[in-house]
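Structure file coords.txt (compact mmCIF, C-alpha atoms) is printed below.
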# COMPACT_ATOMS: atom_id res chain seq x y z
CA MET N 8 -3.92 -206.94 32.70
CA SER N 9 -0.62 -206.80 34.53
CA CYS N 10 2.94 -205.98 33.60
CA ILE N 11 6.02 -207.76 34.90
CA ILE N 12 9.36 -205.97 34.92
CA SER N 13 12.67 -206.80 36.54
CA HIS N 14 14.06 -204.75 39.40
CA GLN N 15 17.10 -204.07 37.18
CA LEU N 16 14.99 -202.46 34.43
CA ILE N 17 13.04 -200.41 36.97
CA LYS N 18 16.36 -199.08 38.28
CA GLU N 19 17.40 -198.24 34.70
CA ILE N 20 14.15 -196.28 34.23
CA GLU N 21 14.71 -194.44 37.51
CA ARG N 22 18.30 -193.50 36.57
CA HIS N 23 17.12 -192.11 33.22
CA LEU N 24 14.23 -190.11 34.66
CA GLU N 25 16.29 -188.74 37.56
CA LEU N 26 19.06 -187.71 35.15
CA VAL N 27 16.73 -185.54 33.06
CA TYR N 28 14.86 -184.09 36.11
CA PRO N 29 13.36 -181.46 36.38
CA GLU N 30 12.35 -182.13 32.79
CA GLU N 31 10.11 -185.03 31.87
CA GLY N 32 11.83 -188.12 30.55
CA ALA N 33 10.48 -190.96 28.45
CA GLY N 34 11.24 -194.21 26.73
CA PHE N 35 9.77 -197.41 25.37
CA LEU N 36 8.92 -200.68 27.11
CA LEU N 37 9.66 -203.73 24.93
CA GLY N 38 8.84 -207.39 25.26
CA LYS N 39 7.31 -210.36 23.52
CA LEU N 40 3.73 -210.00 22.38
CA PRO N 41 1.73 -211.40 25.28
CA LYS N 42 0.02 -214.76 24.98
CA SER N 43 -1.79 -214.18 28.26
CA THR N 44 -3.01 -211.16 30.16
CA SER N 45 0.47 -210.46 31.54
CA ARG N 46 3.01 -208.41 29.66
CA ILE N 47 6.66 -209.09 30.40
CA ILE N 48 9.02 -206.18 29.82
CA THR N 49 12.46 -207.40 28.80
CA LYS N 50 14.10 -204.33 27.27
CA LEU N 51 13.97 -200.55 27.38
CA ILE N 52 14.72 -197.87 24.83
CA LEU N 53 15.70 -194.62 26.56
CA LEU N 54 14.76 -191.51 24.60
CA GLU N 55 15.41 -187.80 24.52
CA ASN N 56 12.45 -185.57 25.23
CA ASN N 57 11.78 -183.83 21.91
CA TRP N 58 8.99 -181.52 23.11
CA ASP N 59 9.77 -178.09 21.64
CA GLU N 60 6.55 -176.12 22.10
CA GLY N 61 7.29 -174.97 25.65
CA PRO N 62 8.84 -176.15 28.92
CA ARG N 63 9.77 -179.83 29.14
CA THR N 64 9.04 -179.83 32.87
CA ASN N 65 5.47 -180.90 32.19
CA ARG N 66 5.52 -182.22 28.63
CA PHE N 67 7.33 -184.88 26.60
CA LEU N 68 7.28 -185.84 22.95
CA ILE N 69 8.38 -189.00 21.19
CA THR N 70 8.62 -188.20 17.49
CA PRO N 71 7.45 -190.51 14.71
CA GLN N 72 11.11 -190.91 13.77
CA ASP N 73 11.77 -192.19 17.32
CA VAL N 74 8.83 -194.58 16.98
CA LEU N 75 10.04 -195.83 13.62
CA ALA N 76 13.57 -196.43 14.92
CA ALA N 77 12.20 -198.19 18.01
CA GLU N 78 9.92 -200.41 15.92
CA ASP N 79 12.87 -201.39 13.72
CA GLN N 80 15.02 -202.11 16.79
CA ALA N 81 12.23 -204.17 18.35
CA ASP N 82 11.74 -206.13 15.11
CA ALA N 83 15.47 -206.89 14.93
CA LEU N 84 15.32 -208.32 18.45
CA GLY N 85 12.12 -210.28 17.84
CA LEU N 86 10.31 -208.03 20.32
CA SER N 87 7.41 -205.58 20.20
CA LEU N 88 6.76 -202.16 21.61
CA LEU N 89 4.43 -202.83 24.53
CA GLY N 90 4.29 -199.40 26.08
CA VAL N 91 5.88 -196.16 27.13
CA PHE N 92 7.32 -194.86 30.37
CA HIS N 93 7.51 -191.20 31.33
CA SER N 94 7.96 -189.05 34.40
CA HIS N 95 5.78 -186.51 36.18
CA PRO N 96 8.37 -184.35 37.93
CA ASP N 97 7.15 -183.24 41.37
CA SER N 98 3.66 -184.29 40.40
CA ILE N 99 1.32 -187.19 41.00
CA ASN N 100 1.64 -190.16 38.65
CA ILE N 101 -1.96 -190.18 37.52
CA PRO N 102 -2.49 -189.63 33.77
CA SER N 103 -3.33 -186.04 32.90
CA GLU N 104 -5.94 -184.93 30.41
CA PHE N 105 -3.07 -184.19 28.04
CA ASP N 106 -1.81 -187.75 28.55
CA ARG N 107 -5.27 -189.06 27.68
CA ASN N 108 -5.70 -186.93 24.58
CA TRP N 109 -2.38 -188.14 23.16
CA ALA N 110 -2.50 -191.72 24.38
CA LEU N 111 -2.29 -194.73 22.11
CA PRO N 112 -4.69 -197.58 22.79
CA TRP N 113 -3.42 -200.95 24.02
CA PHE N 114 -0.04 -199.56 25.15
CA SER N 115 0.96 -199.79 28.80
CA TYR N 116 1.83 -196.39 30.25
CA LEU N 117 4.26 -196.46 33.15
CA ILE N 118 4.22 -193.07 34.91
CA SER N 119 6.85 -192.30 37.50
CA SER N 120 6.58 -189.56 40.07
CA ILE N 121 9.96 -187.89 40.63
CA HIS N 122 10.26 -185.85 43.83
CA ASN N 123 13.15 -183.40 44.07
CA GLY N 124 15.14 -185.48 41.63
CA LYS N 125 14.48 -188.85 43.28
CA THR N 126 11.94 -191.45 42.22
CA ALA N 127 8.95 -191.54 44.56
CA SER N 128 6.74 -194.20 42.93
CA HIS N 129 5.64 -195.88 39.71
CA ARG N 130 2.12 -196.59 38.51
CA LEU N 131 0.95 -198.35 35.36
CA TRP N 132 -2.03 -197.40 33.21
CA GLN N 133 -3.85 -198.37 30.01
CA LEU N 134 -6.24 -196.24 27.98
CA SER N 135 -9.78 -197.60 27.77
CA ASP N 136 -10.87 -198.64 24.28
CA ASP N 137 -13.36 -195.74 24.14
CA ARG N 138 -10.57 -193.27 25.09
CA SER N 139 -12.66 -191.92 27.97
CA GLN N 140 -10.26 -192.81 30.81
CA PHE N 141 -7.20 -194.73 31.89
CA HIS N 142 -7.46 -197.95 33.87
CA GLU N 143 -4.72 -198.84 36.31
CA GLN N 144 -2.77 -202.04 35.66
CA LYS N 145 -0.81 -204.13 38.12
CA LEU N 146 2.93 -203.53 38.02
CA LEU N 147 4.87 -206.54 39.25
CA GLN N 148 8.57 -206.12 39.98
CA GLU N 149 10.82 -209.16 39.92
CA ASN N 150 14.05 -209.26 41.90
CA SER N 151 16.22 -210.92 39.29
CA ASN N 152 16.60 -211.16 35.54
CA LEU N 153 13.61 -212.83 34.04
CA ILE N 154 13.77 -216.05 32.10
CA ILE N 155 11.10 -215.93 29.44
CA ALA N 156 9.39 -219.16 28.45
CA GLU N 157 8.96 -219.41 24.70
CA MET J 22 -2.92 -201.47 -5.09
CA ALA J 23 -1.37 -199.20 -2.50
CA THR J 24 -1.04 -200.62 0.99
CA ILE J 25 -1.30 -199.13 4.46
CA SER J 26 0.73 -200.45 7.39
CA ILE J 27 -0.85 -200.45 10.82
CA PRO J 28 1.23 -199.94 13.99
CA THR J 29 1.14 -202.46 16.84
CA PRO J 30 -1.16 -200.48 19.22
CA PHE J 31 -3.87 -200.32 16.54
CA ARG J 32 -3.77 -204.01 15.60
CA PRO J 33 -6.11 -205.20 18.37
CA PHE J 34 -8.74 -203.19 16.48
CA THR J 35 -7.87 -204.68 13.05
CA GLU J 36 -8.14 -208.34 14.02
CA GLY J 37 -4.36 -208.41 14.18
CA ILE J 38 -3.92 -207.32 10.57
CA SER J 39 -0.73 -205.30 10.08
CA LYS J 40 -1.10 -204.37 6.43
CA LEU J 41 -4.11 -203.68 4.23
CA GLU J 42 -4.53 -203.21 0.49
CA LEU J 43 -6.35 -199.99 -0.30
CA LYS J 44 -9.03 -199.03 -2.78
CA ALA J 45 -8.67 -195.33 -1.93
CA ASN J 46 -6.76 -193.09 -4.32
CA HIS J 47 -5.60 -190.47 -1.80
CA VAL J 48 -4.20 -190.43 1.72
CA GLY J 49 -7.27 -189.03 3.48
CA GLY J 50 -9.44 -191.61 1.75
CA ALA J 51 -7.08 -194.37 2.86
CA VAL J 52 -7.47 -193.46 6.53
CA ARG J 53 -11.24 -193.23 6.11
CA GLU J 54 -11.26 -196.64 4.38
CA LEU J 55 -9.31 -198.14 7.29
CA ALA J 56 -11.78 -196.68 9.80
CA ASP J 57 -14.77 -197.90 7.78
CA GLN J 58 -13.36 -201.41 7.61
CA PHE J 59 -12.53 -201.48 11.33
CA PRO J 60 -15.09 -199.22 13.05
CA THR J 61 -13.66 -199.62 16.58
CA LEU J 62 -10.41 -198.09 15.31
CA GLU J 63 -12.12 -194.91 14.10
CA GLN J 64 -12.04 -193.08 17.45
CA HIS J 65 -8.28 -193.58 17.63
CA LEU J 66 -7.74 -192.25 14.10
CA PHE J 67 -10.17 -189.33 14.11
CA SER J 68 -11.00 -186.73 16.75
CA GLU J 69 -14.58 -185.84 17.70
CA ASN J 70 -14.62 -183.13 15.01
CA GLY J 71 -13.61 -185.59 12.31
CA GLU J 72 -9.99 -184.48 11.97
CA ILE J 73 -7.18 -187.05 11.83
CA ARG J 74 -5.74 -187.06 15.36
CA SER J 75 -2.57 -185.09 16.03
CA PHE J 76 -0.58 -188.19 16.93
CA VAL J 77 -1.48 -190.02 13.70
CA ASN J 78 1.35 -189.37 11.25
CA LEU J 79 1.22 -190.71 7.73
CA PHE J 80 4.35 -191.54 5.76
CA LEU J 81 4.10 -192.32 2.05
CA ASN J 82 7.06 -194.32 0.77
CA GLY J 83 9.03 -193.01 3.75
CA GLU J 84 8.04 -189.34 3.39
CA ASP J 85 5.79 -187.45 5.77
CA VAL J 86 2.67 -186.51 3.79
CA ARG J 87 2.64 -183.11 5.54
CA TYR J 88 5.54 -182.27 3.21
CA LEU J 89 3.61 -183.57 0.20
CA GLN J 90 -0.04 -182.63 -0.32
CA GLY J 91 -1.24 -183.77 3.09
CA ASP J 92 -4.51 -185.71 3.12
CA GLU J 93 -4.98 -184.90 -0.55
CA THR J 94 -1.77 -186.66 -1.58
CA LEU J 95 -2.60 -189.09 -4.37
CA LEU J 96 -1.81 -192.78 -4.06
CA ASN J 97 -0.38 -194.84 -6.88
CA PRO J 98 -0.36 -198.62 -7.19
CA ASP J 99 2.61 -200.06 -5.25
CA ASP J 100 2.70 -197.03 -2.93
CA GLN J 101 3.30 -197.91 0.71
CA LEU J 102 1.49 -195.75 3.24
CA ARG J 103 2.49 -196.20 6.87
CA ILE J 104 0.85 -194.93 10.03
CA ILE J 105 3.52 -193.92 12.52
CA PRO J 106 2.24 -192.42 15.74
CA SER J 107 3.97 -189.77 17.75
CA ILE J 108 3.57 -189.99 21.49
CA ALA J 109 3.22 -187.08 23.87
CA GLY J 110 2.05 -186.50 27.39
CA GLY J 111 2.87 -184.80 30.62
CA CYS J 112 1.65 -183.83 34.03
CA GLU J 113 -0.87 -181.16 34.97
CA VAL J 114 0.82 -178.12 36.47
CA ASN J 115 -1.86 -177.94 39.18
CA ASN J 116 -1.19 -181.50 40.34
CA GLN J 117 2.05 -180.67 42.10
CA LEU J 118 2.86 -183.13 44.83
CA PHE J 119 4.75 -180.93 47.18
How does the structure come out when it is put into C-alpha cells?
Amino acid sequence: MSCIISHQLIKEIERHLELVYPEEGAGFLLGKLPKSTSRIITKLILLENNWDEGPRTNRFLITPQDVLAAEDQADALGLSLLGVFHSHPDSINIPSEFDRNWALPWFSYLISSIHNGKTASHRLWQLSDDRSQFHEQKLLQENSNLIIAE
Amino acid sequence: MATISIPTPFRPFTEGISKLELKANHVGGAVRELADQFPTLEQHLFSENGEIRSFVNLFLNGEDVRYLQGDETLLNPDDQLRIIPSIAGGCEVNNQLF
C-alpha cells in the first residue's frame, strides 16, 4: 500500500502542525476510495486538538462530532476519509503504544515529526488487521496538483 | 427493524456493507450481533476484556447512547444506530528526538 499526496497538501499539513506546535495537531486525509493499492489524497480537513485530559504536547483527540462532520463533508464532495495526520512534537514519528491502542483499522496514519517548531519529516503507517503493530506505507509526494483519473 | 451504520474504516471487515438490519433489541446486543456476523471486526469493536473499545461511540437517532442508557438502551423498529469513532493518539514522552 502506498499513498500519493501533492507537495501543496504536504505544505498545508506542515503549516497547520507548525502553527499549533508545541501542541500536537491533527486532521483528516480525504480522497477517492482506492481502486488499486495506492491511495490518492486530494483534500485535507484541518482540525483543532480536542484532547482535554492533560497536556496536548503529547496527545490529540478527534471527537466523534468532528468525525461526523468530516464524513458529511467528504460525502458532499464525493470523497472518503482515507486517514488521519498528526504531529509528534520534538519526538520520533513512529506510532506510540497509545497511537496503536486508539488506531482505526484500514486508515492511513501520517505522522509528522516537528522539531523546534519546524517540520523534520513525515512517515506513513497502517495498523495491522490483528491490531498488533503498525506497518509502514510508502508516502509519495507529487510536485504539482494531481489530476485524478475517474 | 433497527439498523446500524458502519463507518468506512470498518467496512473492509463487513464485505463493504455500510448498513445492517438488526435483530438485537438493545445497543450492546447490536454491537455483539455485528461482531458475530463479521468475526474479523470483533477485535476492533471489543477490547481483550470484552468491553466495547473506547473509540467506538454509538449514536442512536443522533444521540450519544452514553446520555441514554448506554449499552442497555433499547432499540425500537426504525431506530438508526450509528457507529462513530473518535480518534486519539500521541507520542511517547520518552521518545524525544533532541
Can you tell me how far atom CA of N:Lys18 sits from atom CA of N:Asn100, in Å to one decimal?
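Between these atoms lies a distance of 17.2 Å.
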I'd like the box whose edges run along x, y and z of the file and which contains every listed atom of stretch 99-106 of chain J, padded by 5 Å per side; could you state its centre and edge lengths in Å, one decimal, as AutoDock Vina command-line options?
--center_x 2.2 --center_y -196.2 --center_z 5.2 --size_x 12.7 --size_y 17.6 --size_z 31.0
When you look at stretch 25-29 of chain N with a cut-off of 12 Å (counting only C-alpha atoms), what residues show up, excluding the ones that are within fewer than 5 positions of it in the same chain? I need them as a PDB file with C-alpha atoms, keeping the file's coordinate frame.
ATOM      1  CA  LYS N  18      16.360-199.080  38.280  1.00  0.00           C
ATOM      2  CA  GLU N  19      17.400-198.240  34.700  1.00  0.00           C
ATOM      3  CA  ILE N  20      14.150-196.280  34.230  1.00  0.00           C
ATOM      4  CA  LEU N  53      15.700-194.620  26.560  1.00  0.00           C
ATOM      5  CA  LEU N  54      14.760-191.510  24.600  1.00  0.00           C
ATOM      6  CA  GLU N  55      15.410-187.800  24.520  1.00  0.00           C
ATOM      7  CA  ASN N  56      12.450-185.570  25.230  1.00  0.00           C
ATOM      8  CA  PRO N  62       8.840-176.150  28.920  1.00  0.00           C
ATOM      9  CA  ARG N  63       9.770-179.830  29.140  1.00  0.00           C
ATOM     10  CA  THR N  64       9.040-179.830  32.870  1.00  0.00           C
ATOM     11  CA  ASN N  65       5.470-180.900  32.190  1.00  0.00           C
ATOM     12  CA  ARG N  66       5.520-182.220  28.630  1.00  0.00           C
ATOM     13  CA  PHE N  67       7.330-184.880  26.600  1.00  0.00           C
ATOM     14  CA  HIS N  93       7.510-191.200  31.330  1.00  0.00           C
ATOM     15  CA  SER N  94       7.960-189.050  34.400  1.00  0.00           C
ATOM     16  CA  HIS N  95       5.780-186.510  36.180  1.00  0.00           C
ATOM     17  CA  PRO N  96       8.370-184.350  37.930  1.00  0.00           C
ATOM     18  CA  ASP N  97       7.150-183.240  41.370  1.00  0.00           C
ATOM     19  CA  SER N  98       3.660-184.290  40.400  1.00  0.00           C
ATOM     20  CA  SER N 119       6.850-192.300  37.500  1.00  0.00           C
ATOM     21  CA  SER N 120       6.580-189.560  40.070  1.00  0.00           C
ATOM     22  CA  ILE N 121       9.960-187.890  40.630  1.00  0.00           C
ATOM     23  CA  HIS N 122      10.260-185.850  43.830  1.00  0.00           C
ATOM     24  CA  ASN N 123      13.150-183.400  44.070  1.00  0.00           C
ATOM     25  CA  GLY N 124      15.140-185.480  41.630  1.00  0.00           C
ATOM     26  CA  LYS N 125      14.480-188.850  43.280  1.00  0.00           C
ATOM     27  CA  THR N 126      11.940-191.450  42.220  1.00  0.00           C
ATOM     28  CA  ALA N 127       8.950-191.540  44.560  1.00  0.00           C
TER      29      ALA N 127
END
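Here atom CA of N:Pro71 and atom CA of N:Ser103 stand 21.6 Å from one another.
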Neighbours of point (-7.6, -187.6, -0.5) within 12 Å, using only C-alpha atoms, written as a PDB file with C-alpha atoms, in the coordinates of the input:
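The resulting file, selection_29.pdb, is shown below:
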ATOM      1  CA  LYS J  44      -9.030-199.030  -2.780  1.00  0.00           C
ATOM      2  CA  ALA J  45      -8.670-195.330  -1.930  1.00  0.00           C
ATOM      3  CA  ASN J  46      -6.760-193.090  -4.320  1.00  0.00           C
ATOM      4  CA  HIS J  47      -5.600-190.470  -1.800  1.00  0.00           C
ATOM      5  CA  VAL J  48      -4.200-190.430   1.720  1.00  0.00           C
ATOM      6  CA  GLY J  49      -7.270-189.030   3.480  1.00  0.00           C
ATOM      7  CA  GLY J  50      -9.440-191.610   1.750  1.00  0.00           C
ATOM      8  CA  ALA J  51      -7.080-194.370   2.860  1.00  0.00           C
ATOM      9  CA  VAL J  52      -7.470-193.460   6.530  1.00  0.00           C
ATOM     10  CA  ARG J  53     -11.240-193.230   6.110  1.00  0.00           C
ATOM     11  CA  GLU J  54     -11.260-196.640   4.380  1.00  0.00           C
ATOM     12  CA  VAL J  86       2.670-186.510   3.790  1.00  0.00           C
ATOM     13  CA  LEU J  89       3.610-183.570   0.200  1.00  0.00           C
ATOM     14  CA  GLN J  90      -0.040-182.630  -0.320  1.00  0.00           C
ATOM     15  CA  GLY J  91      -1.240-183.770   3.090  1.00  0.00           C
ATOM     16  CA  ASP J  92      -4.510-185.710   3.120  1.00  0.00           C
ATOM     17  CA  GLU J  93      -4.980-184.900  -0.550  1.00  0.00           C
ATOM     18  CA  THR J  94      -1.770-186.660  -1.580  1.00  0.00           C
ATOM     19  CA  LEU J  95      -2.600-189.090  -4.370  1.00  0.00           C
ATOM     20  CA  LEU J  96      -1.810-192.780  -4.060  1.00  0.00           C
TER      21      LEU J  96
END
Please indicate the distance in Å from atom CA of N:Ile118 to atom CA of N:Gln133, rounded to one decimal place.
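Atom CA of N:Gln133 lies at a distance of 10.8 Å from atom CA of N:Ile118.
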Tell me the residues of chain J close to chain N, meaning within 12 Å using only C-alpha atoms, as JSON, numbers by chain.
{"J": [27, 28, 29, 30, 31, 32, 33, 34, 37, 60, 61, 62, 63, 64, 65, 66, 67, 68, 69, 74, 75, 76, 77, 78, 79, 80, 83, 84, 85, 103, 104, 105, 106, 107, 108, 109, 110, 111, 112, 113, 114, 115, 116, 117, 118, 119]}
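In terms of minimum interatomic distance to N:Gln148, N:Gln15 ranks closest within N:Gln15, N:Met8, N:Ala77, N:Asp82, counting only C-alpha atoms.
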Quick one: of N:Ser9, N:Ser43, N:Gly38, N:Tyr116, who's nearest to N:Ala81, counting all atoms listed in the file?
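Distance minimum relative to N:Ala81 lands on N:Gly38.
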Write out as a ChimeraX atom specification the residues lying within 6 Å of stretch 10-14 of chain N, counting only C-alpha atoms and excluding same-chain residues fewer than 4 positions away.
/N:45-48,146-150,152
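Using all atoms listed in the file, the set of residues no farther than 7 Å from the position (-0.6, -202.3, 6.6) comprises Thr24, Ile25, Ser26, Ile27, Ser39, Lys40, Leu41 and Arg103 of chain J.
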